[in-house]
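Worksheet for the structure shown next.
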Amino acid sequence: MRRTFAQSLALYATVIFTLVMILFPVYWLIVTALSTTNELYRLPPTFWPTEPQWDIFARVWAAKPILMWLWNSMLAAVGSVALSMLVSVSAGYALSRYSMRGGATMGLFVLTAKMLPATLLVIPLFSIFSSFGLIGSLWTLVLAHSTMIIPFATWMLKGYFDTIPKELEQAAMVDGCSPLGAMVRVVLPIATPGLAATALYAFVLSWADYAYARTFLVNSPDNWTANLGITTMQGEYVTYWNDISAASVFVALPIIAIYLFLERYLVGGLTAGAEK
Amino acid sequence: MANISIRNVSKSYGALNVLRPFSLEIENGEFVVLVGPSGCGKSTMLKILAGLEPATEGQIFIGDREVTDLAPGDRDIAMVFQNYALYPHLTVRQNIGFGLKMRGTDKAEIDRRVDDAARILEVTPYLDRKPKDLSGGQRQRVALGRAIVRQPQAFLMDEPLSNLDAKLRVHMRAEIGALHKRIGVTTVYVTHDQVEAMTMADRVVIMQGGIIQQIAAPDELFNNPANLFVAGFIGSPGMNFLNAELRGGKLTAFGQEISLLRATSHQGPVVVGLRPEHLTLGDGPVTFGVRPTLIESLGSEKYVYFDAEGARIADGEESKSKGLIARVSHTGSLPKDEEIRLGFDPAQLYLFDAKTGERL
């Protein structure tokens with residue numbers, strides 16, 4: 001069916017509107033970074049700096065321990081993704097495949113944990129971590145972020161495992177695999193898109209955290225994550241928004257890189273051909 | 001290759017009995033088909049045999065070995081699933097060789113046996129493709145290849161043809177039959193399709209409600225059904241049933257008294273069974289007139305649908321609306337809306353107890 005002119009117009013208008021909504025903040029971040037401080041406060045605002053200060057990235061990189069912050073963020077994110085995936089893959093698989101007494105209730109209970117706001121857990125987590133002497137360590141973030149990620153990831157993965165026909169594992173077991181072997185050799189390779197999507201989501205959740213990092217790490221500057229580090233660039237009397245924006249660009253880059261890396265695994269339809 | 005012995009195997013989920021004590025001796029090299037409507041317990045029995053579901057009670061022997069508590073992989077069986085269950089992330093070659101690899105067979109031997117299996121099933125050109133790049137029939141062949149490559153003691157097949165279109169189904173049916181003749185492995189095949197059961201089996205096990213109704217060779221099932229269920233299930237179109245009274249060796253049906261040629265002491269209400277192909281156009285030993293409600297022509301033969309007093313409809317909305325059926329050889333045209341004469345031989349009637357449904 002061919003689209004009418006009006007339909008095409010509506011379609012393109014919607015696409016362009018959505019793109020603007022999504023990309024404008026990114027564009028504005030870059031414009032802010034490149035503008036001089038004077039230009040930032042000029043009214044009406046300029047949509048492209050008259051003299052873009054490209055050297056700002058190098059200046060900010062040299063002035064602040066951005067690499068260390070990024071490294072800390074990366075450690076916390078990789079650690080929480082690894083821990084969460086280990087738990088969530090097993091839990092999601094069990095919820096999907098095995099019927100057990102109270103299994104459904106347990107599944108829902110896991111999900112309610114996700115409904116609690118992160119700030120609600122800050123105080124109990126602080127008290128737990130301090131009794132283990134963990135405050136100030138990146139382990140606090142690995143554990144705290146896992147409490148956010150695991151409930152959601154478990155359900156996301158359960159949903160994905162549900163779409164994989166049980167007969168594939170049964171075939172693998174008849175072929176000589178143990179139940180664990182069938183999961184590792186057959187189910188997990190097929191679930192790659194689901195695993196990649198979940199891991200990406202988990203990574204972003206950990207990377208974007210500020211509240212936990214601020215609470216548990218504030219007195220340990222060597223363990224500051226990028227988000228926490230950037231907020232310390234806010235001055236008491238004057239804030240250089242262009243410096244903060246330039247630093248923020250650095251923080252956004254790893255997420256983009258990871259997305260590009262995982263994108264090839266995010267395609268669905270890997271089970272195509274398993275069944276009719 | 002081995003014989004299989006199933007001894008009093010039952011399965012229940014709490015109070016729900018899906019399989020009543022089931023016993024069956026399968027000879028070495030035999031092709032046994034379990035057939036019955038959905039929910040009759042045939043797939044459950046196959047899964048228990050495969051070790052994918054535990055039996056509640058009973059024992060299973062494959063060859064001389066008791067396998068009741070063994071894992072599926074330790075039973076030396078191969079299974080073909082209804083939806084093929086090919087590993088989508090592996091190539092055809094890897095799919096077929098997977099079971100051998102799991103058993104630690106060396107690479108050269110795997111390659112040799114995969115090539116052999118592929119040649120038998122004519123999938124050699126597709127060995128490097130993924131399952132998604134194959135047609136339904138090719139996928140089914142790969143699934144069969146995965147089974148034969150292991151040279152197991154027995155094949156278990158769970159409705160392997162039901163996902164194929166009608167034409168391919170007939171073709172693959174013949175291929176599986178030929179494959180069985182060629183390699184002669186003991187096979188247990190589950191289907192709900194009585195045509196598959198009749199054409200492929202050495203022996204058929206008919207099940208309903210978790211209970212075996214009859215175990216017999218296909219012709220024996222057709223000619224000597226044990227009860228109403230078997231009589232109605234085997235044959236296409238299905239057997240006609242009428243409620244009738246039996247008194248002193250005489251039946252009242254089709255508005256007349258019919259003398260039975262064989263002696264029976266049974267008195268009272270019975271169900272009379274008459275196969276559509278045992279009705280003929282024109283006069284016979286017993287003749288009656290009917291007004292057809294519908295005539296379907298299949299070219300060389302015609303299905304004449306009609307109503308009769310006492311007609312008893314076993315199942316299915318379709319037969320309910322169409323009534324009794326006569327399958328007659330007739331290439332000319334039959335007059336519509338006119339009475340026609342149908343005849344049959346009382347010796348070909350089947351009698352069943354109206355209460356128990358057992359054959360009299």
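Following the order of the structure tokens, chains are lettered A, B, ..., residues in each are numbered from 1, and ligands are numbered from 1.
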
Taking only C-alpha atoms into account, what are the residues of chain B at most 6 Å from chain A, put as a compact mmCIF listing (two decimals) with N, CA and C atoms, in the first residue's frame?
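New file result-v9.txt:
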# COMPACT_ATOMS: atom_id res chain seq x y z
N PRO B 72 18.14 -39.11 30.61
CA PRO B 72 17.85 -39.35 29.19
C PRO B 72 19.10 -39.72 28.40
N GLY B 73 20.20 -39.04 28.70
CA GLY B 73 21.43 -39.25 27.95
C GLY B 73 22.06 -40.62 28.20
N ASN B 83 8.47 -30.33 17.06
CA ASN B 83 8.91 -29.07 16.47
C ASN B 83 10.39 -29.12 16.08
N TYR B 84 10.90 -30.31 15.85
CA TYR B 84 12.28 -30.60 15.40
C TYR B 84 13.32 -30.36 16.49
N ALA B 85 13.17 -29.23 17.23
CA ALA B 85 14.13 -28.90 18.29
C ALA B 85 15.57 -28.93 17.80
N LEU B 86 15.81 -28.33 16.63
CA LEU B 86 17.20 -28.21 16.16
C LEU B 86 17.86 -27.07 16.92
N TYR B 87 19.15 -27.20 17.17
CA TYR B 87 19.86 -26.12 17.87
C TYR B 87 20.11 -24.99 16.87
N PRO B 88 19.45 -23.84 17.08
CA PRO B 88 19.47 -22.80 16.05
C PRO B 88 20.83 -22.14 15.86
N GLY B 99 25.24 -35.03 19.57
CA GLY B 99 25.14 -36.15 20.51
C GLY B 99 26.43 -36.95 20.58
N MET B 102 28.95 -34.97 22.58
CA MET B 102 28.66 -35.06 24.01
C MET B 102 29.16 -36.38 24.59
N PRO B 131 19.89 -24.04 10.78
CA PRO B 131 18.52 -24.53 10.60
C PRO B 131 17.56 -23.50 10.00
N LYS B 132 17.78 -22.20 10.29
CA LYS B 132 16.83 -21.21 9.79
C LYS B 132 16.86 -21.11 8.26

List as a PyMOL selection string the protein and nucleic acid residues near His278 (chain B), meaning an atom at most 10 Å away when only C-alpha atoms are counted, but skip any in the same chain fewer than 5 places from it. chain B and resi 239+326-328+343-346+348-349

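The spacing separating CA of Thr287 (chain B) from CA of Gln256 (chain B) amounts to 9.4 Å.
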
Would you compute the distance between CA of Gly137 (chain B) and CA of Leu168 (chain B)? Give it in Å to one decimal.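 That distance, rounded to one decimal, is 6.9 Å.
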
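For the choices B:Leu260, B:Met1, B:Ile148, B:Ile325, the atom-to-atom distance to Leu100 (chain B) is smallest for B:Ile148 when using only C-alpha atoms.
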
Residue contacts of Gln53 (chain A) (10 Å, only C-alpha atoms) excluding same-chain residues fewer than 4 positions away, as a PDB file with C-alpha atoms, in the first residue's frame:
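The resulting file, selection-v3.pdb, is reproduced below:
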ATOM      1  CA  VAL A  31      27.346  23.344  22.582  1.00  0.00           C
ATOM      2  CA  ALA A  33      31.086  22.432  26.444  1.00  0.00           C
ATOM      3  CA  LEU A  34      32.394  24.354  23.440  1.00  0.00           C
ATOM      4  CA  SER A  35      31.101  27.759  24.491  1.00  0.00           C
ATOM      5  CA  THR A  36      33.096  30.256  26.502  1.00  0.00           C
ATOM      6  CA  PRO A  49      29.421  29.017  19.788  1.00  0.00           C
ATOM      7  CA  PHE A  57      38.426  18.656  26.462  1.00  0.00           C
ATOM      8  CA  ASN A 242      31.340  24.281  30.059  1.00  0.00           C
TER       9      ASN A 242
END

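Take CA of Thr44 (chain B) and CA of Asn3 (chain B): the distance between them is 19.9 Å.
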
Skip Phe203 (chain A) itself and residues of its chain fewer than 6 positions away, then list as a PyMOL selection string all residues within 10 Å of it, counting only C-alpha atoms. chain A and resi 73-74+76-82+145+149+197+255+258

Those in region 11-251 of chain A with helix (DSSP H, G or I) from DSSP, as a PyMOL selection string: chain A and resi 11-34+37-40+56-63+66-97+103-115+118-131+138-162+166-174+179-190+192-207+211-217+221-223+226-231+241-251

As a ChimeraX atom specification, which residues of region 96-319 of chain B does DSSP assign to strand (DSSP E or B)? /B:154-158,186-191,203-208,211-216,227,240-247,250-253,256-259,268-274,280-281,286-290,294-297,301-306,311-312

Need the shell around Met156 (chain A): protein/DNA/RNA residues with any atom at most 9 Å away, counting only C-alpha atoms. Skip same-chain ones fewer than 6 positions apart. Format as a list in words?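 Within the cut-off, the hits are Ser88, Gly92, Gly194 and Thr198 of chain A.
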
Counting only C-alpha atoms, the residue among B:Gly136, B:Gly299, B:Pro218, B:Gly177 that lies closest to Leu34 (chain B) is B:Pro218

Identify which of the residues A:Val218, A:Met100, A:Met21, A:Ala247 lies closest to Ile230 (chain A), counting only C-alpha atoms when measuring atom-to-atom distances. A:Ala247

Using only C-alpha atoms, determine which residues lie at most 12 Å from Val60 (chain A), disregarding the query and same-chain residues fewer than 5 positions distant; provide the list as JSON, numbers by chain. {"A": [33, 34, 53, 54, 55, 65, 66, 67, 230, 233, 240, 241, 242, 243, 244, 245, 246, 247, 248, 249, 250]}

Hey, can you spit out that residue selection with N, CA and C atoms as a tab-separated table (two decimals), in the first residue's frame?
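Contents of the output file out_13.tsv:
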chain	number	residue	atom	x	y	z
A	33	ALA	N	29.66	22.71	26.23
A	33	ALA	CA	31.09	22.43	26.44
A	33	ALA	C	31.96	23.35	25.60
A	34	LEU	N	31.55	23.60	24.37
A	34	LEU	CA	32.39	24.35	23.44
A	34	LEU	C	32.30	25.87	23.62
A	53	GLN	N	35.60	26.50	21.73
A	53	GLN	CA	36.88	26.24	22.42
A	53	GLN	C	37.15	24.73	22.45
A	54	TRP	N	37.71	24.22	21.33
A	54	TRP	CA	37.94	22.78	21.20
A	54	TRP	C	38.93	22.25	22.22
A	55	ASP	N	39.80	23.16	22.73
A	55	ASP	CA	40.82	22.69	23.67
A	55	ASP	C	40.26	22.39	25.05
A	65	PRO	N	40.96	14.38	37.62
A	65	PRO	CA	41.32	12.95	37.47
A	65	PRO	C	40.21	12.16	36.77
A	66	ILE	N	39.87	12.59	35.56
A	66	ILE	CA	38.71	12.00	34.87
A	66	ILE	C	38.94	10.52	34.57
A	67	LEU	N	40.17	10.19	34.18
A	67	LEU	CA	40.45	8.80	33.85
A	67	LEU	C	40.21	7.91	35.08
A	230	ILE	N	32.15	14.48	38.85
A	230	ILE	CA	31.69	15.66	38.11
A	230	ILE	C	30.95	16.63	39.01
A	233	MET	N	32.79	19.27	40.67
A	233	MET	CA	33.28	20.40	39.87
A	233	MET	C	32.36	21.60	40.00
A	240	TYR	N	31.53	26.37	36.42
A	240	TYR	CA	31.90	26.41	35.01
A	240	TYR	C	31.16	25.30	34.28
A	241	TRP	N	29.98	25.64	33.76
A	241	TRP	CA	29.14	24.62	33.12
A	241	TRP	C	29.80	24.03	31.89
A	242	ASN	N	30.67	24.83	31.24
A	242	ASN	CA	31.34	24.28	30.06
A	242	ASN	C	32.33	23.18	30.45
A	243	ASP	N	33.01	23.36	31.61
A	243	ASP	CA	33.92	22.30	32.08
A	243	ASP	C	33.13	21.04	32.44
A	244	ILE	N	32.02	21.26	33.14
A	244	ILE	CA	31.19	20.13	33.55
A	244	ILE	C	30.66	19.39	32.32
A	245	SER	N	30.24	20.16	31.31
A	245	SER	CA	29.71	19.54	30.09
A	245	SER	C	30.79	18.74	29.38
A	246	ALA	N	31.99	19.30	29.33
A	246	ALA	CA	33.08	18.58	28.67
A	246	ALA	C	33.36	17.27	29.40
A	247	ALA	N	33.35	17.32	30.73
A	247	ALA	CA	33.58	16.10	31.50
A	247	ALA	C	32.44	15.10	31.26
A	248	SER	N	31.22	15.64	31.14
A	248	SER	CA	30.07	14.76	30.91
A	248	SER	C	30.17	14.03	29.58
A	249	VAL	N	30.75	14.72	28.58
A	249	VAL	CA	30.94	14.07	27.29
A	249	VAL	C	31.83	12.84	27.48
A	250	PHE	N	32.89	12.99	28.28
A	250	PHE	CA	33.77	11.84	28.54
A	250	PHE	C	33.01	10.69	29.20

Within 12 Å of Ala153 (chain A) using only C-alpha atoms, minus same-chain residues under 3 positions, as a VMD selection string: chain A and resid 80 to 93 107 110 to 111 113 to 114 145 to 150 156 to 161 194 to 203 205

Next, dump the selected residues to file, keeping only N, CA and C atoms, as a compact mmCIF listing (two decimals), in the first residue's frame.
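Printed below is part.txt as written:
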# COMPACT_ATOMS: atom_id res chain seq x y z
N SER A 80 29.15 -5.00 39.14
CA SER A 80 27.73 -5.23 39.43
C SER A 80 27.06 -5.99 38.29
N VAL A 81 27.50 -5.74 37.05
CA VAL A 81 26.91 -6.50 35.94
C VAL A 81 27.28 -7.98 36.10
N ALA A 82 28.54 -8.27 36.42
CA ALA A 82 28.97 -9.66 36.54
C ALA A 82 28.21 -10.36 37.66
N LEU A 83 28.15 -9.72 38.81
CA LEU A 83 27.46 -10.35 39.94
C LEU A 83 25.97 -10.52 39.64
N SER A 84 25.35 -9.46 39.10
CA SER A 84 23.91 -9.51 38.83
C SER A 84 23.58 -10.57 37.78
N MET A 85 24.40 -10.65 36.74
CA MET A 85 24.10 -11.60 35.68
C MET A 85 24.22 -13.02 36.21
N LEU A 86 25.23 -13.25 37.04
CA LEU A 86 25.41 -14.59 37.61
C LEU A 86 24.16 -15.01 38.37
N VAL A 87 23.65 -14.09 39.18
CA VAL A 87 22.46 -14.41 39.99
C VAL A 87 21.21 -14.45 39.10
N SER A 88 21.06 -13.45 38.24
CA SER A 88 19.81 -13.32 37.48
C SER A 88 19.64 -14.41 36.44
N VAL A 89 20.74 -14.83 35.81
CA VAL A 89 20.62 -15.89 34.81
C VAL A 89 20.13 -17.16 35.50
N SER A 90 20.73 -17.49 36.64
CA SER A 90 20.30 -18.70 37.34
C SER A 90 18.87 -18.57 37.82
N ALA A 91 18.55 -17.42 38.42
CA ALA A 91 17.21 -17.24 38.98
C ALA A 91 16.16 -17.18 37.87
N GLY A 92 16.46 -16.43 36.81
CA GLY A 92 15.50 -16.31 35.71
C GLY A 92 15.26 -17.66 35.05
N TYR A 93 16.33 -18.44 34.90
CA TYR A 93 16.20 -19.77 34.28
C TYR A 93 15.36 -20.69 35.16
N GLY A 107 8.75 -15.23 42.67
CA GLY A 107 9.05 -14.40 41.52
C GLY A 107 8.50 -12.99 41.69
N VAL A 110 10.41 -10.98 44.25
CA VAL A 110 11.64 -10.43 43.69
C VAL A 110 11.33 -9.10 43.00
N LEU A 111 10.19 -9.11 42.30
CA LEU A 111 9.84 -7.91 41.53
C LEU A 111 9.48 -6.75 42.45
N ALA A 113 10.85 -5.94 45.09
CA ALA A 113 12.09 -5.30 45.51
C ALA A 113 12.46 -4.18 44.54
N LYS A 114 12.13 -4.39 43.26
CA LYS A 114 12.43 -3.40 42.24
C LYS A 114 11.55 -2.15 42.40
N HIS A 145 24.36 -1.68 43.66
CA HIS A 145 23.80 -1.68 42.31
C HIS A 145 23.17 -3.02 41.98
N SER A 146 23.77 -4.10 42.50
CA SER A 146 23.18 -5.41 42.25
C SER A 146 21.78 -5.51 42.85
N THR A 147 21.56 -4.87 43.97
CA THR A 147 20.20 -4.92 44.54
C THR A 147 19.19 -4.23 43.63
N MET A 148 19.66 -3.26 42.86
CA MET A 148 18.75 -2.60 41.90
C MET A 148 18.57 -3.46 40.66
N ILE A 149 19.69 -4.05 40.22
CA ILE A 149 19.68 -4.72 38.91
C ILE A 149 19.04 -6.11 38.97
N ILE A 150 19.35 -6.89 39.99
CA ILE A 150 18.95 -8.30 40.01
C ILE A 150 17.43 -8.51 39.84
N MET A 156 13.52 -9.90 33.34
CA MET A 156 13.80 -9.71 31.92
C MET A 156 14.29 -11.04 31.32
N LEU A 157 15.18 -11.70 32.04
CA LEU A 157 15.75 -12.95 31.53
C LEU A 157 14.73 -14.09 31.58
N LYS A 158 13.91 -14.11 32.62
CA LYS A 158 12.86 -15.14 32.68
C LYS A 158 11.98 -15.03 31.43
N GLY A 159 11.61 -13.77 31.12
CA GLY A 159 10.79 -13.54 29.92
C GLY A 159 11.49 -14.05 28.67
N TYR A 160 12.79 -13.85 28.61
CA TYR A 160 13.52 -14.30 27.43
C TYR A 160 13.61 -15.82 27.38
N PHE A 161 13.91 -16.43 28.53
CA PHE A 161 14.01 -17.90 28.57
C PHE A 161 12.67 -18.55 28.23
N GLY A 194 19.11 -11.66 24.56
CA GLY A 194 18.50 -11.33 25.85
C GLY A 194 19.56 -11.03 26.89
N LEU A 195 20.63 -11.81 26.88
CA LEU A 195 21.71 -11.58 27.84
C LEU A 195 22.37 -10.24 27.57
N ALA A 196 22.60 -9.94 26.29
CA ALA A 196 23.26 -8.67 25.92
C ALA A 196 22.39 -7.49 26.32
N ALA A 197 21.09 -7.58 26.03
CA ALA A 197 20.19 -6.47 26.36
C ALA A 197 20.15 -6.26 27.87
N THR A 198 20.09 -7.35 28.61
CA THR A 198 20.02 -7.24 30.06
C THR A 198 21.32 -6.67 30.63
N ALA A 199 22.44 -7.17 30.11
CA ALA A 199 23.73 -6.69 30.59
C ALA A 199 23.89 -5.20 30.29
N LEU A 200 23.45 -4.78 29.12
CA LEU A 200 23.56 -3.36 28.75
C LEU A 200 22.72 -2.51 29.69
N TYR A 201 21.50 -2.98 29.94
CA TYR A 201 20.61 -2.26 30.84
C TYR A 201 21.24 -2.16 32.22
N ALA A 202 21.80 -3.27 32.69
CA ALA A 202 22.41 -3.30 34.01
C ALA A 202 23.61 -2.35 34.08
N PHE A 203 24.39 -2.35 33.01
CA PHE A 203 25.57 -1.50 32.96
C PHE A 203 25.16 -0.03 33.06
N LEU A 205 22.43 1.21 34.26
CA LEU A 205 21.87 1.49 35.58
C LEU A 205 22.99 1.79 36.59

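Each of A:Thr119, A:Thr37, A:Asn72, A:Thr112 was checked against Pro221 (chain A) using only C-alpha atoms; the smallest atom-to-atom distance is that of A:Asn72.
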
Nearest to Thr231 (chain A) by atom-to-atom distance, counting only C-alpha atoms, from A:Phe216, A:Tyr210, A:Glu263, A:Ala63: A:Tyr210
